[in-house]
Amino acid sequence: MAKFTRPTGTQDILPEDQPYWDHVLTCVASVARSYGFARIDTPVFEATEVFARGVGTGTDIVDKEMYSFKDKGGNDITLRPEFTAGVMRAYIENGMHVLPKPLKLYSTGPVFRYERPQAGRFRQLHQFNAEILGEQNPLADLEIMLIAWDIYTRLQFVNLSFQLNTTGCPVCRPGYVEHLRAYYRAHEHQICDDCKLRIDKNPLRVLDCKREQCQPIIAGAPKMIDHVCDDCATHFATLRVYLDDLGKPYTLNHRLVRGLDYYTKTVFEVWAEGIGAQSAVCGGGRYDGLIELLGGTPTPGVGFAAGIERAVMLMKAQHIAVPIPPAPPVFIAYLGDVARLHAVRLLAQLHQADIGAQVAMSGSLKAQLRQADRRDARFAIIIGEDEIAQGLVTLRDMAGGSQEMVPLAEVVKWLENKLASAEKSCTPLA
RNA sequence: GUGGCUGUGGCCUAAUGGUUAAGGCUCCUGACUGUGACUCAGGCAACUGUGGGUUCGAGUCCCACCAGUCACCCCA
């Protein structure tokens, strides 16, 4: 039989990696709660139209990267390629507009994009995501940036930086796009073939073209910031005042654009090194038109999404230690059928006393103790024929190798004391 | 979707075109019939990614496909 392999671009998150994932998710939940965000979980798949409309046809994500299929009922279904559109659908469908504003929501989970995998890029990836709905004040933009920043700070990342830009709004962006088009048409013979297509199809994209020949053209291109309307200019300026006041480092990057249609005004990314050619660990911005686009009453929103795989890669690249859950402290070994019965009873009693314990399932005493060692047990309990006869068990300290005889009836109490005193004498790492 | 590189037990690695594909790690067993780690001895485990081709003979050379990986594109 042919070997099965995981589908391209997916990965098995093995036990050895779980501590990293646990740590990221714990930090996300903790920071999100501290800012007053409530968790929301939406389906992994939605009606295709939710994304086609919400993310926007014309974007690569919708046009080339969605996992779409018909279910048995003939419905057009798509595995979510991002969180925001689905969360907005849930907001509208559940009448969440009646909740106190601003509404703060966060999510974590898998998203799916059909891309060619490479370092830091997967077909099934995991994100954490936060949104603030119903608030047009730039303070909301600030808080979204802060929560992202704080999560990374809590994770002890270093050498991070914000990239910041504004993409305008329906009032001012069309005018800017015309300026940009005019400029590019004037330089059409100097730019790459991709950019020639982009001028018409996705004009803002020309700004983040990485080809050598396009760089001088990009450098001289008109900037959104010089063409925004008063509202957008004020919004952006206010946000920058807040960021400056807090001393948060950011780089104005007029080439920063988003691949998703719904963004307005603020766009930002958090950049880091250590994930191959990818630089963004986090991206987000404002999307004031999205809820209305999806059929809700006009409601402003701002949010971000961050890749968990990239966060884990960074933790490894920066040698950040993560807490590793302790192994069960007790391992029960035994000899003979009668002893096995006592071993099982003891296992139950220990768990009732909330002491982590495992019982040997087979093998010689030697093999059982080897198991205890491999599993990092602090104590081995050995139950043999001799001990049973006297109502005793052997309690072995695996670190030192010393052992003592303890009455069977008192083992649980003994271990409770031993483990409690051991905890006191051992300072947990910060 | 395009391009570069790479495919040998679970992992790492060896094998001038020439016997039965070798070794290390891991795992298991034993030396110690009631005691882990160290040591020693042994054992499990590979139709060399798949399919063709060249050759008397292919892990080795050629082609295709598949997979992995890195980069473009795009994004988290």
# chains A, B, ... in the order shown; residues from 1 in each chain; ligands from 1
>>> residues_around(residues="range 61-75 of chain B", least_positions_apart="2", cutoff="9 Å", atoms="only C-alpha atoms (C1' of nucleotides)", output="PDB file with N, CA and C atoms (P, O5', C5', C4', C3', O3' and C1' of nucleotides), in the first residue's frame")
ATOM      1  N   THR A   5       0.754  10.713   2.498  1.00  0.00           N
ATOM      2  CA  THR A   5       1.513  11.898   2.903  1.00  0.00           C
ATOM      3  C   THR A   5       0.540  13.039   3.133  1.00  0.00           C
ATOM      4  N   THR A   8       0.041  18.915   0.260  1.00  0.00           N
ATOM      5  CA  THR A   8       1.020  19.982   0.064  1.00  0.00           C
ATOM      6  C   THR A   8       0.653  21.228   0.868  1.00  0.00           C
ATOM      7  N   ASP A  60      -5.872  38.517  -5.392  1.00  0.00           N
ATOM      8  CA  ASP A  60      -5.293  37.194  -5.627  1.00  0.00           C
ATOM      9  C   ASP A  60      -5.961  36.148  -4.745  1.00  0.00           C
ATOM     10  N   ILE A  61      -6.253  36.546  -3.494  1.00  0.00           N
ATOM     11  CA  ILE A  61      -6.826  35.590  -2.564  1.00  0.00           C
ATOM     12  C   ILE A  61      -8.117  35.002  -3.117  1.00  0.00           C
ATOM     13  N   GLU A 115      -1.616  28.288  -2.259  1.00  0.00           N
ATOM     14  CA  GLU A 115      -0.415  28.948  -2.748  1.00  0.00           C
ATOM     15  C   GLU A 115       0.702  27.913  -2.822  1.00  0.00           C
ATOM     16  N   GLN A 118       6.419  27.900   0.834  1.00  0.00           N
ATOM     17  CA  GLN A 118       7.854  28.173   0.980  1.00  0.00           C
ATOM     18  C   GLN A 118       8.074  28.537   2.435  1.00  0.00           C
ATOM     19  N   ALA A 119       9.278  28.969   2.784  1.00  0.00           N
ATOM     20  CA  ALA A 119       9.547  29.269   4.184  1.00  0.00           C
ATOM     21  C   ALA A 119       8.545  30.297   4.698  1.00  0.00           C
ATOM     22  N   ARG A 121       5.339  30.109   4.612  1.00  0.00           N
ATOM     23  CA  ARG A 121       4.088  30.162   3.847  1.00  0.00           C
ATOM     24  C   ARG A 121       3.477  28.781   3.698  1.00  0.00           C
ATOM     25  N   ARG A 258      -2.355  46.818   0.703  1.00  0.00           N
ATOM     26  CA  ARG A 258      -2.911  45.544   1.130  1.00  0.00           C
ATOM     27  C   ARG A 258      -3.458  44.781  -0.065  1.00  0.00           C
ATOM     28  N   GLY A 259      -3.443  43.472   0.041  1.00  0.00           N
ATOM     29  CA  GLY A 259      -3.952  42.653  -1.041  1.00  0.00           C
ATOM     30  C   GLY A 259      -5.456  42.472  -0.980  1.00  0.00           C
ATOM     31  N   GLY A 276      12.483  33.474   6.461  1.00  0.00           N
ATOM     32  CA  GLY A 276      12.798  33.358   5.050  1.00  0.00           C
ATOM     33  C   GLY A 276      12.621  34.693   4.359  1.00  0.00           C
ATOM     34  N   ALA A 277      12.019  34.656   3.160  1.00  0.00           N
ATOM     35  CA  ALA A 277      11.840  35.888   2.401  1.00  0.00           C
ATOM     36  C   ALA A 277      10.658  36.708   2.898  1.00  0.00           C
ATOM     37  N   GLN A 278       9.881  36.134   3.806  1.00  0.00           N
ATOM     38  CA  GLN A 278       8.709  36.852   4.304  1.00  0.00           C
ATOM     39  C   GLN A 278       9.167  37.846   5.367  1.00  0.00           C
ATOM     40  N   ALA A 280       6.482  40.083   6.879  1.00  0.00           N
ATOM     41  CA  ALA A 280       5.334  40.473   7.693  1.00  0.00           C
ATOM     42  C   ALA A 280       4.928  39.348   8.639  1.00  0.00           C
TER      43      ALA A 280
ATOM     44  P     G B   1      -0.666  24.621 -10.976  1.00  0.00           P
ATOM     45  O5'   G B   1       0.084  25.852 -11.676  1.00  0.00           O
ATOM     46  C5'   G B   1      -0.390  26.347 -12.914  1.00  0.00           C
ATOM     47  C4'   G B   1       0.328  27.612 -13.248  1.00  0.00           C
ATOM     48  C3'   G B   1       1.845  27.525 -13.235  1.00  0.00           C
ATOM     49  O3'   G B   1       2.345  26.956 -14.421  1.00  0.00           O
ATOM     50  C1'   G B   1       1.164  29.479 -12.074  1.00  0.00           C
ATOM     51  P     U B   2       3.692  26.037 -14.417  1.00  0.00           P
ATOM     52  O5'   U B   2       4.826  27.143 -14.286  1.00  0.00           O
ATOM     53  C5'   U B   2       5.008  28.093 -15.317  1.00  0.00           C
ATOM     54  C4'   U B   2       6.189  28.979 -15.003  1.00  0.00           C
ATOM     55  C3'   U B   2       7.446  28.251 -14.558  1.00  0.00           C
ATOM     56  O3'   U B   2       8.194  27.745 -15.647  1.00  0.00           O
ATOM     57  C1'   U B   2       7.029  30.055 -13.092  1.00  0.00           C
ATOM     58  P     G B   3       9.104  26.417 -15.428  1.00  0.00           P
ATOM     59  O5'   G B   3      10.291  26.966 -14.527  1.00  0.00           O
ATOM     60  C5'   G B   3      11.344  27.716 -15.111  1.00  0.00           C
ATOM     61  C4'   G B   3      12.262  28.250 -14.052  1.00  0.00           C
ATOM     62  C3'   G B   3      13.065  27.220 -13.265  1.00  0.00           C
ATOM     63  O3'   G B   3      14.191  26.741 -13.979  1.00  0.00           O
ATOM     64  C1'   G B   3      12.155  28.788 -11.771  1.00  0.00           C
ATOM     65  P     G B   4      14.817  25.304 -13.604  1.00  0.00           P
ATOM     66  O5'   G B   4      15.642  25.619 -12.273  1.00  0.00           O
ATOM     67  C5'   G B   4      16.838  26.381 -12.333  1.00  0.00           C
ATOM     68  C4'   G B   4      17.427  26.525 -10.956  1.00  0.00           C
ATOM     69  C3'   G B   4      17.758  25.218 -10.247  1.00  0.00           C
ATOM     70  O3'   G B   4      18.997  24.686 -10.652  1.00  0.00           O
ATOM     71  C1'   G B   4      16.595  26.641  -8.764  1.00  0.00           C
ATOM     72  P     C B   5      19.224  23.097 -10.675  1.00  0.00           P
ATOM     73  O5'   C B   5      19.260  22.721  -9.132  1.00  0.00           O
ATOM     74  C5'   C B   5      20.328  23.157  -8.297  1.00  0.00           C
ATOM     75  C4'   C B   5      20.017  22.839  -6.848  1.00  0.00           C
ATOM     76  C3'   C B   5      19.774  21.373  -6.536  1.00  0.00           C
ATOM     77  O3'   C B   5      20.977  20.639  -6.377  1.00  0.00           O
ATOM     78  C1'   C B   5      18.087  22.675  -5.524  1.00  0.00           C
ATOM     79  P     U B   6      20.992  19.057  -6.676  1.00  0.00           P
ATOM     80  O5'   U B   6      20.094  18.467  -5.500  1.00  0.00           O
ATOM     81  C5'   U B   6      20.525  18.564  -4.155  1.00  0.00           C
ATOM     82  C4'   U B   6      19.479  17.999  -3.233  1.00  0.00           C
ATOM     83  C3'   U B   6      19.089  16.550  -3.494  1.00  0.00           C
ATOM     84  O3'   U B   6      20.033  15.661  -2.912  1.00  0.00           O
ATOM     85  C1'   U B   6      17.136  17.856  -3.153  1.00  0.00           C
ATOM     86  P     G B   7      19.938  14.098  -3.181  1.00  0.00           P
ATOM     87  O5'   G B   7      18.723  13.726  -2.241  1.00  0.00           O
ATOM     88  C5'   G B   7      18.171  12.441  -2.280  1.00  0.00           C
ATOM     89  C4'   G B   7      16.912  12.419  -1.454  1.00  0.00           C
ATOM     90  C3'   G B   7      16.220  11.058  -1.481  1.00  0.00           C
ATOM     91  O3'   G B   7      15.462  10.877  -0.295  1.00  0.00           O
ATOM     92  C1'   G B   7      14.880  12.663  -2.610  1.00  0.00           C
ATOM     93  P     G B  17      31.266   5.718  -9.872  1.00  0.00           P
ATOM     94  O5'   G B  17      30.480   4.348  -9.901  1.00  0.00           O
ATOM     95  C5'   G B  17      29.560   4.152 -10.958  1.00  0.00           C
ATOM     96  C4'   G B  17      28.960   2.785 -10.814  1.00  0.00           C
ATOM     97  C3'   G B  17      29.970   1.655 -10.962  1.00  0.00           C
ATOM     98  O3'   G B  17      29.526   0.531 -10.213  1.00  0.00           O
ATOM     99  C1'   G B  17      28.318   1.480 -12.620  1.00  0.00           C
ATOM    100  P     G B  49      15.024   6.782  -3.520  1.00  0.00           P
ATOM    101  O5'   G B  49      13.457   7.063  -3.465  1.00  0.00           O
ATOM    102  C5'   G B  49      12.696   6.724  -2.300  1.00  0.00           C
ATOM    103  C4'   G B  49      11.243   7.048  -2.578  1.00  0.00           C
ATOM    104  C3'   G B  49      10.694   6.406  -3.851  1.00  0.00           C
ATOM    105  O3'   G B  49      10.193   5.113  -3.606  1.00  0.00           O
ATOM    106  C1'   G B  49      10.204   8.725  -3.837  1.00  0.00           C
ATOM    107  P     U B  50      10.383   3.980  -4.745  1.00  0.00           P
ATOM    108  O5'   U B  50       9.291   4.378  -5.828  1.00  0.00           O
ATOM    109  C5'   U B  50       7.905   4.387  -5.515  1.00  0.00           C
ATOM    110  C4'   U B  50       7.099   4.805  -6.719  1.00  0.00           C
ATOM    111  C3'   U B  50       7.483   4.111  -8.021  1.00  0.00           C
ATOM    112  O3'   U B  50       6.878   2.835  -8.148  1.00  0.00           O
ATOM    113  C1'   U B  50       7.334   6.437  -8.386  1.00  0.00           C
ATOM    114  P     G B  51       7.657   1.701  -9.000  1.00  0.00           P
ATOM    115  O5'   G B  51       7.492   2.229 -10.479  1.00  0.00           O
ATOM    116  C5'   G B  51       6.201   2.376 -11.035  1.00  0.00           C
ATOM    117  C4'   G B  51       6.287   3.016 -12.387  1.00  0.00           C
ATOM    118  C3'   G B  51       7.290   2.387 -13.344  1.00  0.00           C
ATOM    119  O3'   G B  51       6.802   1.211 -13.935  1.00  0.00           O
ATOM    120  C1'   G B  51       7.479   4.739 -13.430  1.00  0.00           C
ATOM    121  P     G B  52       7.835   0.287 -14.784  1.00  0.00           P
ATOM    122  O5'   G B  52       7.964   1.144 -16.114  1.00  0.00           O
ATOM    123  C5'   G B  52       9.032   0.917 -16.962  1.00  0.00           C
ATOM    124  C4'   G B  52       9.189   2.063 -17.930  1.00  0.00           C
ATOM    125  C3'   G B  52      10.501   2.038 -18.691  1.00  0.00           C
ATOM    126  O3'   G B  52      10.419   1.188 -19.820  1.00  0.00           O
ATOM    127  C1'   G B  52      10.230   4.162 -17.726  1.00  0.00           C
ATOM    128  P     G B  53      11.571   0.053 -19.957  1.00  0.00           P
ATOM    129  O5'   G B  53      12.786   0.922 -20.467  1.00  0.00           O
ATOM    130  C5'   G B  53      12.614   1.749 -21.616  1.00  0.00           C
ATOM    131  C4'   G B  53      13.723   2.747 -21.726  1.00  0.00           C
ATOM    132  C3'   G B  53      15.131   2.177 -21.797  1.00  0.00           C
ATOM    133  O3'   G B  53      15.443   1.687 -23.088  1.00  0.00           O
ATOM    134  C1'   G B  53      15.092   4.028 -20.314  1.00  0.00           C
ATOM    135  P     U B  54      16.473   0.437 -23.228  1.00  0.00           P
ATOM    136  O5'   U B  54      17.880   1.114 -22.912  1.00  0.00           O
ATOM    137  C5'   U B  54      18.372   2.147 -23.738  1.00  0.00           C
ATOM    138  C4'   U B  54      19.715   2.636 -23.234  1.00  0.00           C
ATOM    139  C3'   U B  54      20.720   1.522 -22.931  1.00  0.00           C
ATOM    140  O3'   U B  54      21.392   1.077 -24.092  1.00  0.00           O
ATOM    141  C1'   U B  54      20.656   3.078 -21.131  1.00  0.00           C
ATOM    142  P     A B  58      20.581  -3.137 -13.462  1.00  0.00           P
ATOM    143  O5'   A B  58      21.630  -2.143 -12.799  1.00  0.00           O
ATOM    144  C5'   A B  58      22.058  -2.327 -11.446  1.00  0.00           C
ATOM    145  C4'   A B  58      21.961  -1.017 -10.689  1.00  0.00           C
ATOM    146  C3'   A B  58      20.537  -0.497 -10.508  1.00  0.00           C
ATOM    147  O3'   A B  58      20.457   0.250  -9.302  1.00  0.00           O
ATOM    148  C1'   A B  58      21.737   1.044 -11.772  1.00  0.00           C
TER     149        A B  58
END
>>> select_by_dssp(residues="range 78-309 of chain A", states="strand (DSSP E)", output="PyMOL selection string")
chain A and resi 78-79+103-112+124-133+161-166+250-252+264-275+278-286+301-307
>>> interface_residues(of="chain A", to="chain B", cutoff="6 Å", atoms="only C-alpha atoms (C1' of nucleotides)", output="list in words")
Val281, Cys282, Ala306, Gly307, Leu369, Arg370 and Asp373 of chain A
>>> select_by_dssp(residues="range 115-324 of chain A", states="helix (DSSP H, G or I)", output="ChimeraX atom specification")
/A:138-154,173-186,188-190,193-201,203-208,212-220,224-226,230-246,290-293,308-317
>>> atom_distance(atom1="CA of Val393 in chain A", atom2="CA of Tyr334 in chain A")
9.5 Å
>>> residues_around(residues="range 21-26 of chain B", least_positions_apart="6", cutoff="8 Å", atoms="only C-alpha atoms (C1' of nucleotides)", output="PDB file with C-alpha atoms (C1' of nucleotides), in the first residue's frame")
ATOM      1  C1'   G B  10      11.254   6.982  12.073  1.00  0.00           C
ATOM      2  C1'   C B  11      15.846  10.678  12.092  1.00  0.00           C
ATOM      3  C1'   C B  12      21.133  11.569  10.366  1.00  0.00           C
ATOM      4  C1'   U B  13      24.716   9.585   7.134  1.00  0.00           C
ATOM      5  C1'   A B  14      27.922   5.807   3.866  1.00  0.00           C
ATOM      6  C1'   A B  15      28.321   2.844  -0.570  1.00  0.00           C
ATOM      7  C1'   U B  48      17.311   3.349  -2.242  1.00  0.00           C
ATOM      8  C1'   G B  59      21.221   3.637  -5.021  1.00  0.00           C
TER       9        G B  59
END
>>> atom_distance(atom1="CA of Leu99 in chain A", atom2="CA of Gln127 in chain A")
25.4 Å
>>> atom_distance(atom1="CA of Gly168 in chain A", atom2="CA of Pro216 in chain A")
23.7 Å
>>> residues_around(residues="C27 in chain B", least_positions_apart="4", cutoff="12 Å", atoms="only C-alpha atoms (C1' of nucleotides)", output="list in words")
Gln371 and Arg374 of chain A; G10, C11, G43, C44 and A45 of chain B
>>> write_last_selection(atoms="N, CA and C atoms (P, O5', C5', C4', C3', O3' and C1' of nucleotides)", output="PDB file, in the first residue's frame")
ATOM      1  N   GLN A 371      11.006   2.970  31.613  1.00  0.00           N
ATOM      2  CA  GLN A 371       9.903   3.831  31.166  1.00  0.00           C
ATOM      3  C   GLN A 371       9.750   5.029  32.091  1.00  0.00           C
ATOM      4  N   ARG A 374      12.437   7.475  31.250  1.00  0.00           N
ATOM      5  CA  ARG A 374      12.230   8.146  29.950  1.00  0.00           C
ATOM      6  C   ARG A 374      11.094   9.153  30.029  1.00  0.00           C
TER       7      ARG A 374
ATOM      8  P     G B  10      10.894   4.334   7.569  1.00  0.00           P
ATOM      9  O5'   G B  10      10.891   5.363   8.789  1.00  0.00           O
ATOM     10  C5'   G B  10       9.810   6.281   8.911  1.00  0.00           C
ATOM     11  C4'   G B  10      10.068   7.204  10.056  1.00  0.00           C
ATOM     12  C3'   G B  10      11.360   7.999   9.935  1.00  0.00           C
ATOM     13  O3'   G B  10      11.168   9.189   9.212  1.00  0.00           O
ATOM     14  C1'   G B  10      11.254   6.982  12.073  1.00  0.00           C
ATOM     15  P     C B  11      12.326   9.741   8.259  1.00  0.00           P
ATOM     16  O5'   C B  11      13.348  10.326   9.313  1.00  0.00           O
ATOM     17  C5'   C B  11      13.054  11.512  10.034  1.00  0.00           C
ATOM     18  C4'   C B  11      14.233  11.894  10.890  1.00  0.00           C
ATOM     19  C3'   C B  11      15.551  11.991  10.149  1.00  0.00           C
ATOM     20  O3'   C B  11      15.727  13.250   9.531  1.00  0.00           O
ATOM     21  C1'   C B  11      15.846  10.678  12.092  1.00  0.00           C
ATOM     22  P     G B  43      21.708  -9.429  15.848  1.00  0.00           P
ATOM     23  O5'   G B  43      20.204  -9.008  16.180  1.00  0.00           O
ATOM     24  C5'   G B  43      19.240 -10.004  16.513  1.00  0.00           C
ATOM     25  C4'   G B  43      17.944  -9.362  16.913  1.00  0.00           C
ATOM     26  C3'   G B  43      17.297  -8.480  15.858  1.00  0.00           C
ATOM     27  O3'   G B  43      16.573  -9.240  14.909  1.00  0.00           O
ATOM     28  C1'   G B  43      17.248  -7.367  17.950  1.00  0.00           C
ATOM     29  P     C B  44      16.332  -8.632  13.454  1.00  0.00           P
ATOM     30  O5'   C B  44      15.145  -7.596  13.697  1.00  0.00           O
ATOM     31  C5'   C B  44      13.899  -8.044  14.234  1.00  0.00           C
ATOM     32  C4'   C B  44      12.972  -6.874  14.436  1.00  0.00           C
ATOM     33  C3'   C B  44      12.769  -6.000  13.212  1.00  0.00           C
ATOM     34  O3'   C B  44      11.795  -6.554  12.339  1.00  0.00           O
ATOM     35  C1'   C B  44      13.152  -4.643  15.121  1.00  0.00           C
ATOM     36  P     A B  45      12.154  -6.710  10.815  1.00  0.00           P
ATOM     37  O5'   A B  45      12.172  -5.198  10.318  1.00  0.00           O
ATOM     38  C5'   A B  45      11.001  -4.387  10.452  1.00  0.00           C
ATOM     39  C4'   A B  45      11.373  -2.941  10.314  1.00  0.00           C
ATOM     40  C3'   A B  45      12.124  -2.594   9.037  1.00  0.00           C
ATOM     41  O3'   A B  45      11.242  -2.409   7.954  1.00  0.00           O
ATOM     42  C1'   A B  45      13.185  -1.594  10.902  1.00  0.00           C
TER      43        A B  45
END
>>> residues_around(residues="Gly401 in chain A", least_positions_apart="3", cutoff="10 Å", atoms="only C-alpha atoms (C1' of nucleotides)", output="PDB file with C-alpha atoms (C1' of nucleotides), in the first residue's frame")
ATOM      1  CA  PHE A 379       8.927   9.192  41.822  1.00  0.00           C
ATOM      2  CA  ALA A 380       8.472   5.542  40.995  1.00  0.00           C
ATOM      3  CA  LEU A 395       8.755   4.715  46.875  1.00  0.00           C
ATOM      4  CA  ARG A 396      11.788   5.503  44.739  1.00  0.00           C
ATOM      5  CA  ASP A 397      13.138   8.994  44.175  1.00  0.00           C
ATOM      6  CA  MET A 398      14.244   8.858  40.546  1.00  0.00           C
TER       7      MET A 398
ATOM      8  C1'   U B  35      15.343  -1.750  40.270  1.00  0.00           C
ATOM      9  C1'   G B  36      16.179   3.591  35.360  1.00  0.00           C
TER      10        G B  36
END
>>> residues_around(residues="range 39-54 of chain A", least_positions_apart="6", cutoff="6 Å", atoms="only C-alpha atoms (C1' of nucleotides)", output="list of chain:residue names")
A:Asp76, A:Ile77, A:Thr78, A:Leu79, A:Arg80, A:Ala85, A:Leu105, A:Tyr106, A:Ser107
>>> closest_residue(among="A:Ala130, A:Leu346, A:Leu314, A:Met145", to="Leu239 in chain A", atoms="only C-alpha atoms")
A:Met145
